[in-house]
>>> print(open('protein20.pdb').read())   # PDB, C-alpha atoms
MODEL        1
ATOM      1  CA  MET J   1     113.402 163.326 147.306
ATOM      2  CA  SER J   2     111.476 161.591 144.517
ATOM      3  CA  GLU J   3     107.776 162.083 144.019
ATOM      4  CA  GLU J   4     105.412 159.187 144.800
ATOM      5  CA  LEU J   5     103.216 158.612 141.760
ATOM      6  CA  GLU J   6      99.849 156.946 142.175
ATOM      7  CA  LYS J   7      99.068 154.201 139.647
ATOM      8  CA  ARG J   8      95.998 154.807 137.527
ATOM      9  CA  LYS J   9      93.134 152.340 138.132
ATOM     10  CA  TRP J  10      91.151 153.292 135.045
ATOM     11  CA  CYS J  11      91.347 155.411 131.910
ATOM     12  CA  TYR J  12      88.871 156.596 129.340
ATOM     13  CA  VAL J  13      88.413 154.469 126.222
ATOM     14  CA  MET J  14      88.998 157.503 124.006
ATOM     15  CA  ALA J  15      92.450 159.093 123.685
ATOM     16  CA  PRO J  16      93.268 162.348 125.540
ATOM     17  CA  TRP J  17      93.149 164.444 122.325
ATOM     18  CA  ALA J  18      89.442 163.549 121.955
ATOM     19  CA  TYR J  19      88.790 165.501 125.151
ATOM     20  CA  GLU J  20      90.963 168.439 123.970
ATOM     21  CA  ILE J  21      93.529 167.794 126.721
ATOM     22  CA  ALA J  22      96.734 169.787 126.178
ATOM     23  CA  PRO J  23      99.475 168.091 124.148
ATOM     24  CA  CYS J  24     103.043 167.476 125.276
ATOM     25  CA  ALA J  25     105.345 170.515 125.365
ATOM     26  CA  CYS J  26     107.058 169.091 122.244
ATOM     27  CA  GLY J  27     103.785 169.609 120.333
ATOM     28  CA  ASN J  28     102.809 165.924 120.103
ATOM     29  CA  THR J  29      99.007 165.758 120.188
ATOM     30  CA  ASP J  30      98.921 161.955 119.898
ATOM     31  CA  THR J  31      99.509 161.309 123.592
ATOM     32  CA  GLN J  32      98.124 158.407 125.596
ATOM     33  CA  TRP J  33      96.944 157.905 129.144
ATOM     34  CA  SER J  34      99.923 157.426 131.438
ATOM     35  CA  GLU J  35     100.057 154.556 133.883
ATOM     36  CA  PHE J  36     100.096 157.297 136.543
ATOM     37  CA  LYS J  37      97.064 159.262 137.683
ATOM     38  CA  GLY J  38      96.926 162.883 136.454
ATOM     39  CA  ARG J  39      99.563 162.367 133.749
ATOM     40  CA  LEU J  40      99.778 161.573 130.064
ATOM     41  CA  TRP J  41     102.437 159.643 128.125
ATOM     42  CA  CYS J  42     104.305 161.152 125.159
ATOM     43  CA  ALA J  43     105.815 158.389 123.004
ATOM     44  CA  LYS J  44     108.011 160.910 121.129
ATOM     45  CA  CYS J  45     109.669 162.246 124.288
ATOM     46  CA  GLU J  46     109.188 159.013 126.231
ATOM     47  CA  ILE J  47     107.973 160.886 129.296
ATOM     48  CA  ASP J  48     104.984 161.009 131.589
ATOM     49  CA  PHE J  49     103.858 164.619 131.899
ATOM     50  CA  ILE J  50     101.190 166.742 133.532
ATOM     51  CA  PRO J  51      99.199 168.464 130.768
ATOM     52  CA  ALA J  52      98.932 172.264 130.783
ATOM     53  CA  HIS J  53      95.140 171.934 130.906
ATOM     54  CA  ASN J  54      92.568 169.145 131.022
ATOM     55  CA  GLY J  55      90.438 170.193 128.076
ATOM     56  CA  ILE J  56      86.727 169.622 128.564
ATOM     57  CA  PHE J  57      87.383 168.312 132.079
ATOM     58  CA  ASP J  58      88.367 171.834 133.213
ATOM     59  CA  GLY J  59      84.787 173.050 133.192
ATOM     60  CA  PRO J  60      81.202 171.932 133.313
ATOM     61  CA  ILE J  61      80.740 169.044 130.878
ATOM     62  CA  PRO J  62      77.586 169.065 128.752
ATOM     63  CA  VAL J  63      77.365 165.249 128.783
ATOM     64  CA  ALA J  64      74.363 164.867 126.460
ATOM     65  CA  THR J  65      75.816 167.344 123.954
ATOM     66  CA  SER J  66      79.185 165.595 124.152
ATOM     67  CA  HIS J  67      77.459 162.335 123.321
ATOM     68  CA  LEU J  68      75.878 163.937 120.234
ATOM     69  CA  LEU J  69      79.371 165.065 119.167
ATOM     70  CA  GLY J  70      80.720 161.512 119.482
ATOM     71  CA  ILE J  71      82.556 162.033 122.752
ATOM     72  CA  ARG J  72      82.193 159.054 125.080
ATOM     73  CA  PHE J  73      82.993 158.724 128.760
ATOM     74  CA  ASP J  74      83.233 154.925 128.880
ATOM     75  CA  ARG J  75      86.325 153.788 130.689
ATOM     76  CA  ILE J  76      88.608 150.787 130.963
ATOM     77  CA  ASN J  77      89.112 149.303 134.406
ATOM     78  CA  LEU J  78      92.857 148.589 134.360
ATOM     79  CA  GLU J  79      92.591 146.084 137.197
ATOM     80  CA  THR J  80      89.989 143.874 135.477
ATOM     81  CA  ASN J  81      90.663 144.957 131.860
ATOM     82  CA  GLU J  82      86.907 145.413 131.359
ATOM     83  CA  VAL J  83      85.083 148.322 129.747
ATOM     84  CA  GLU J  84      82.782 150.169 132.117
ATOM     85  CA  PRO J  85      80.095 151.925 130.054
ATOM     86  CA  PHE J  86      79.175 155.446 131.135
ATOM     87  CA  GLU J  87      75.516 155.748 132.009
ATOM     88  CA  LEU J  88      73.895 159.146 132.322
ATOM     89  CA  GLU J  89      71.396 157.781 134.795
ATOM     90  CA  PRO J  90      72.432 154.948 137.128
ATOM     91  CA  LYS J  91      70.409 151.734 137.055
TER      92      LYS J  91
ENDMDL
END
>>> encode(input="protein20.pdb", output="structure tokens")
Amino acid sequence: MSEELEKRKWCYVMAPWAYEIAPCACGNTDTQWSEFKGRLWCAKCEIDFIPAHNGIFDGPIPVATSHLLGIRFDRINLETNEVEPFELEPK
């Protein structure tokens, strides 16, 4: 029985390595967001994979400190192809 994979509706503007998300088992750290939710894409292996850990998303995220370090949480809406800026406080 094959697994039903849910299509991703958005992804962060920054690459997974920027958030310290685990690389592919082959050691490739230059992975990209997969088209499937919860997975990354390794161009070297040509596979979608579940990372061993989710980097900074595995714990409390110091959002303001992350911003000072250059880490952004803006995301791309894959249905509209528009950037959705992250706002610490909603309007």
>>> atom_distance(input="protein20.pdb", atom1="atom CA of J:Val83", atom2="atom CA of J:His53")
25.7 Å
>>> resolve_selection(input="protein20.pdb", expression="the PyMOL selection byres ((chain J and resi 35) around 6)", output="PyMOL selection string")
chain J and resi 7-8+34+36
>>> residues_near_point(input="protein20.pdb", point="(84.2, 153.5, 130.2)", cutoff="10 Å", atoms="only C-alpha atoms", output="list in words")
Trp10, Cys11, Tyr12, Val13, Met14, Arg72, Phe73, Asp74, Arg75, Ile76, Asn77, Glu82, Val83, Glu84, Pro85, Phe86 and Glu87 of chain J
>>> write_last_selection(input="protein20.pdb", atoms="C-alpha atoms", output="mmCIF file, keeping the file's coordinate frame")
data_model
loop_
_atom_site.group_PDB
_atom_site.id
_atom_site.type_symbol
_atom_site.label_atom_id
_atom_site.label_comp_id
_atom_site.auth_asym_id
_atom_site.auth_seq_id
_atom_site.Cartn_x
_atom_site.Cartn_y
_atom_site.Cartn_z
ATOM 1 C CA TRP J 10 91.151 153.292 135.045
ATOM 2 C CA CYS J 11 91.347 155.411 131.910
ATOM 3 C CA TYR J 12 88.871 156.596 129.340
ATOM 4 C CA VAL J 13 88.413 154.469 126.222
ATOM 5 C CA MET J 14 88.998 157.503 124.006
ATOM 6 C CA ARG J 72 82.193 159.054 125.080
ATOM 7 C CA PHE J 73 82.993 158.724 128.760
ATOM 8 C CA ASP J 74 83.233 154.925 128.880
ATOM 9 C CA ARG J 75 86.325 153.788 130.689
ATOM 10 C CA ILE J 76 88.608 150.787 130.963
ATOM 11 C CA ASN J 77 89.112 149.303 134.406
ATOM 12 C CA GLU J 82 86.907 145.413 131.359
ATOM 13 C CA VAL J 83 85.083 148.322 129.747
ATOM 14 C CA GLU J 84 82.782 150.169 132.117
ATOM 15 C CA PRO J 85 80.095 151.925 130.054
ATOM 16 C CA PHE J 86 79.175 155.446 131.135
ATOM 17 C CA GLU J 87 75.516 155.748 132.009
#
>>> atom_distance(input="protein20.pdb", atom1="atom CA of J:Gly27", atom2="atom CA of J:Leu68")
28.5 Å
>>> resolve_selection(input="protein20.pdb", expression="the PyMOL selection byres ((chain J and resi 47-50) around 9)", output="number ranges by chain")
J: 24-25, 33-36, 38-46, 51-53
>>> write_last_selection(input="protein20.pdb", atoms="C-alpha atoms", output="PDB file, keeping the file's coordinate frame")
ATOM      1  CA  CYS J  24     103.043 167.476 125.276  1.00  0.00           C
ATOM      2  CA  ALA J  25     105.345 170.515 125.365  1.00  0.00           C
ATOM      3  CA  TRP J  33      96.944 157.905 129.144  1.00  0.00           C
ATOM      4  CA  SER J  34      99.923 157.426 131.438  1.00  0.00           C
ATOM      5  CA  GLU J  35     100.057 154.556 133.883  1.00  0.00           C
ATOM      6  CA  PHE J  36     100.096 157.297 136.543  1.00  0.00           C
ATOM      7  CA  GLY J  38      96.926 162.883 136.454  1.00  0.00           C
ATOM      8  CA  ARG J  39      99.563 162.367 133.749  1.00  0.00           C
ATOM      9  CA  LEU J  40      99.778 161.573 130.064  1.00  0.00           C
ATOM     10  CA  TRP J  41     102.437 159.643 128.125  1.00  0.00           C
ATOM     11  CA  CYS J  42     104.305 161.152 125.159  1.00  0.00           C
ATOM     12  CA  ALA J  43     105.815 158.389 123.004  1.00  0.00           C
ATOM     13  CA  LYS J  44     108.011 160.910 121.129  1.00  0.00           C
ATOM     14  CA  CYS J  45     109.669 162.246 124.288  1.00  0.00           C
ATOM     15  CA  GLU J  46     109.188 159.013 126.231  1.00  0.00           C
ATOM     16  CA  PRO J  51      99.199 168.464 130.768  1.00  0.00           C
ATOM     17  CA  ALA J  52      98.932 172.264 130.783  1.00  0.00           C
ATOM     18  CA  HIS J  53      95.140 171.934 130.906  1.00  0.00           C
TER      19      HIS J  53
END
>>> atom_distance(input="protein20.pdb", atom1="atom CA of J:Ile21", atom2="atom CA of J:Asp58")
9.2 Å
>>> axis_aligned_box(input="protein20.pdb", around="stretch 60-64 of chain J", padding_each_side="3 Å", output="lines of an AutoDock Vina configuration file")
center_x = 77.8
center_y = 168.4
center_z = 129.9
size_x = 12.8
size_y = 13.1
size_z = 12.9
>>> residues_near_point(input="protein20.pdb", point="(88.8, 168.1, 125.4)", cutoff="6 Å", atoms="only C-alpha atoms", output="ChimeraX atom specification")
/J:18-21,55-56
>>> closest_residue(input="protein20.pdb", among="J:Glu6, J:Gln32, J:Trp17, J:Leu88", to="J:His67", atoms="all atoms listed in the file")
J:Leu88
>>> closest_residue(input="protein20.pdb", among="J:Leu78, J:Ile71, J:Ala64, J:Ala15", to="J:Thr31", atoms="only C-alpha atoms")
J:Ala15
>>> decode(input="protein20.pdb", residues="stretch 64-75 of chain J", atoms="all heavy atoms", output="PDB file, in the first residue's frame")
ATOM      1  N   ALA J  64      12.556  37.092  17.769  1.00  0.00           N
ATOM      2  CA  ALA J  64      13.258  38.378  17.673  1.00  0.00           C
ATOM      3  C   ALA J  64      14.769  38.164  17.547  1.00  0.00           C
ATOM      4  O   ALA J  64      15.431  38.831  16.741  1.00  0.00           O
ATOM      5  CB  ALA J  64      12.937  39.249  18.884  1.00  0.00           C
ATOM      6  N   THR J  65      15.316  37.222  18.288  1.00  0.00           N
ATOM      7  CA  THR J  65      16.739  36.918  18.195  1.00  0.00           C
ATOM      8  C   THR J  65      17.064  36.329  16.826  1.00  0.00           C
ATOM      9  O   THR J  65      18.077  36.672  16.218  1.00  0.00           O
ATOM     10  CB  THR J  65      17.156  35.929  19.299  1.00  0.00           C
ATOM     11  OG1 THR J  65      16.824  36.499  20.567  1.00  0.00           O
ATOM     12  CG2 THR J  65      18.640  35.629  19.243  1.00  0.00           C
ATOM     13  N   SER J  66      16.202  35.468  16.324  1.00  0.00           N
ATOM     14  CA  SER J  66      16.397  34.909  14.987  1.00  0.00           C
ATOM     15  C   SER J  66      16.465  36.014  13.941  1.00  0.00           C
ATOM     16  O   SER J  66      17.302  35.986  13.039  1.00  0.00           O
ATOM     17  CB  SER J  66      15.257  33.951  14.645  1.00  0.00           C
ATOM     18  OG  SER J  66      15.251  32.856  15.521  1.00  0.00           O
ATOM     19  N   HIS J  67      15.588  36.985  14.089  1.00  0.00           N
ATOM     20  CA  HIS J  67      15.575  38.112  13.155  1.00  0.00           C
ATOM     21  C   HIS J  67      16.905  38.864  13.194  1.00  0.00           C
ATOM     22  O   HIS J  67      17.456  39.220  12.154  1.00  0.00           O
ATOM     23  CB  HIS J  67      14.420  39.057  13.485  1.00  0.00           C
ATOM     24  CG  HIS J  67      14.268  40.185  12.532  1.00  0.00           C
ATOM     25  ND1 HIS J  67      13.658  40.046  11.309  1.00  0.00           N
ATOM     26  CD2 HIS J  67      14.669  41.474  12.611  1.00  0.00           C
ATOM     27  CE1 HIS J  67      13.691  41.216  10.682  1.00  0.00           C
ATOM     28  NE2 HIS J  67      14.297  42.082  11.445  1.00  0.00           N
ATOM     29  N   LEU J  68      17.452  39.059  14.386  1.00  0.00           N
ATOM     30  CA  LEU J  68      18.751  39.733  14.525  1.00  0.00           C
ATOM     31  C   LEU J  68      19.868  38.930  13.868  1.00  0.00           C
ATOM     32  O   LEU J  68      20.848  39.492  13.393  1.00  0.00           O
ATOM     33  CB  LEU J  68      19.083  39.954  16.003  1.00  0.00           C
ATOM     34  CG  LEU J  68      18.231  40.978  16.739  1.00  0.00           C
ATOM     35  CD1 LEU J  68      18.541  40.940  18.232  1.00  0.00           C
ATOM     36  CD2 LEU J  68      18.454  42.373  16.178  1.00  0.00           C
ATOM     37  N   LEU J  69      19.720  37.608  13.817  1.00  0.00           N
ATOM     38  CA  LEU J  69      20.718  36.733  13.207  1.00  0.00           C
ATOM     39  C   LEU J  69      20.512  36.565  11.701  1.00  0.00           C
ATOM     40  O   LEU J  69      21.243  35.840  11.043  1.00  0.00           O
ATOM     41  CB  LEU J  69      20.695  35.364  13.885  1.00  0.00           C
ATOM     42  CG  LEU J  69      21.100  35.354  15.360  1.00  0.00           C
ATOM     43  CD1 LEU J  69      20.825  33.981  15.968  1.00  0.00           C
ATOM     44  CD2 LEU J  69      22.561  35.729  15.514  1.00  0.00           C
ATOM     45  N   GLY J  70      19.484  37.228  11.161  1.00  0.00           N
ATOM     46  CA  GLY J  70      19.230  37.165   9.722  1.00  0.00           C
ATOM     47  C   GLY J  70      18.305  36.041   9.295  1.00  0.00           C
ATOM     48  O   GLY J  70      18.163  35.778   8.106  1.00  0.00           O
ATOM     49  N   ILE J  71      17.698  35.377  10.252  1.00  0.00           N
ATOM     50  CA  ILE J  71      16.775  34.291   9.938  1.00  0.00           C
ATOM     51  C   ILE J  71      15.377  34.885   9.799  1.00  0.00           C
ATOM     52  O   ILE J  71      14.888  35.552  10.699  1.00  0.00           O
ATOM     53  CB  ILE J  71      16.796  33.201  11.020  1.00  0.00           C
ATOM     54  CG1 ILE J  71      18.197  32.604  11.124  1.00  0.00           C
ATOM     55  CG2 ILE J  71      15.759  32.123  10.737  1.00  0.00           C
ATOM     56  CD1 ILE J  71      18.401  31.703  12.313  1.00  0.00           C
ATOM     57  N   ARG J  72      14.753  34.622   8.661  1.00  0.00           N
ATOM     58  CA  ARG J  72      13.427  35.156   8.368  1.00  0.00           C
ATOM     59  C   ARG J  72      12.411  34.020   8.305  1.00  0.00           C
ATOM     60  O   ARG J  72      12.741  32.898   7.949  1.00  0.00           O
ATOM     61  CB  ARG J  72      13.428  35.906   7.036  1.00  0.00           C
ATOM     62  CG  ARG J  72      14.429  37.042   6.972  1.00  0.00           C
ATOM     63  CD  ARG J  72      13.994  38.188   7.878  1.00  0.00           C
ATOM     64  NE  ARG J  72      14.903  39.312   7.790  1.00  0.00           N
ATOM     65  CZ  ARG J  72      15.867  39.589   8.666  1.00  0.00           C
ATOM     66  NH1 ARG J  72      16.081  38.802   9.686  1.00  0.00           N
ATOM     67  NH2 ARG J  72      16.620  40.654   8.524  1.00  0.00           N
ATOM     68  N   PHE J  73      11.176  34.353   8.619  1.00  0.00           N
ATOM     69  CA  PHE J  73      10.099  33.378   8.589  1.00  0.00           C
ATOM     70  C   PHE J  73       9.039  33.739   7.551  1.00  0.00           C
ATOM     71  O   PHE J  73       7.924  33.232   7.606  1.00  0.00           O
ATOM     72  CB  PHE J  73       9.489  33.222   9.985  1.00  0.00           C
ATOM     73  CG  PHE J  73      10.493  32.720  10.980  1.00  0.00           C
ATOM     74  CD1 PHE J  73      11.108  33.589  11.865  1.00  0.00           C
ATOM     75  CD2 PHE J  73      10.847  31.384  11.021  1.00  0.00           C
ATOM     76  CE1 PHE J  73      12.052  33.130  12.769  1.00  0.00           C
ATOM     77  CE2 PHE J  73      11.793  30.916  11.930  1.00  0.00           C
ATOM     78  CZ  PHE J  73      12.394  31.794  12.807  1.00  0.00           C
ATOM     79  N   ASP J  74       9.406  34.602   6.593  1.00  0.00           N
ATOM     80  CA  ASP J  74       8.513  34.897   5.477  1.00  0.00           C
ATOM     81  C   ASP J  74       8.309  33.610   4.701  1.00  0.00           C
ATOM     82  O   ASP J  74       9.184  32.750   4.665  1.00  0.00           O
ATOM     83  CB  ASP J  74       9.109  35.950   4.548  1.00  0.00           C
ATOM     84  CG  ASP J  74       9.383  37.270   5.239  1.00  0.00           C
ATOM     85  OD1 ASP J  74       8.765  37.541   6.287  1.00  0.00           O
ATOM     86  OD2 ASP J  74      10.217  38.036   4.734  1.00  0.00           O
ATOM     87  N   ARG J  75       7.165  33.492   4.062  1.00  0.00           N
ATOM     88  CA  ARG J  75       6.916  32.271   3.313  1.00  0.00           C
ATOM     89  C   ARG J  75       6.298  32.564   1.956  1.00  0.00           C
ATOM     90  O   ARG J  75       5.747  33.639   1.727  1.00  0.00           O
ATOM     91  CB  ARG J  75       6.064  31.298   4.113  1.00  0.00           C
ATOM     92  CG  ARG J  75       4.767  31.852   4.609  1.00  0.00           C
ATOM     93  CD  ARG J  75       4.139  30.923   5.611  1.00  0.00           C
ATOM     94  NE  ARG J  75       2.696  31.128   5.636  1.00  0.00           N
ATOM     95  CZ  ARG J  75       1.866  30.415   6.334  1.00  0.00           C
ATOM     96  NH1 ARG J  75       2.307  29.441   7.081  1.00  0.00           N
ATOM     97  NH2 ARG J  75       0.585  30.654   6.288  1.00  0.00           N
TER      98      ARG J  75
END
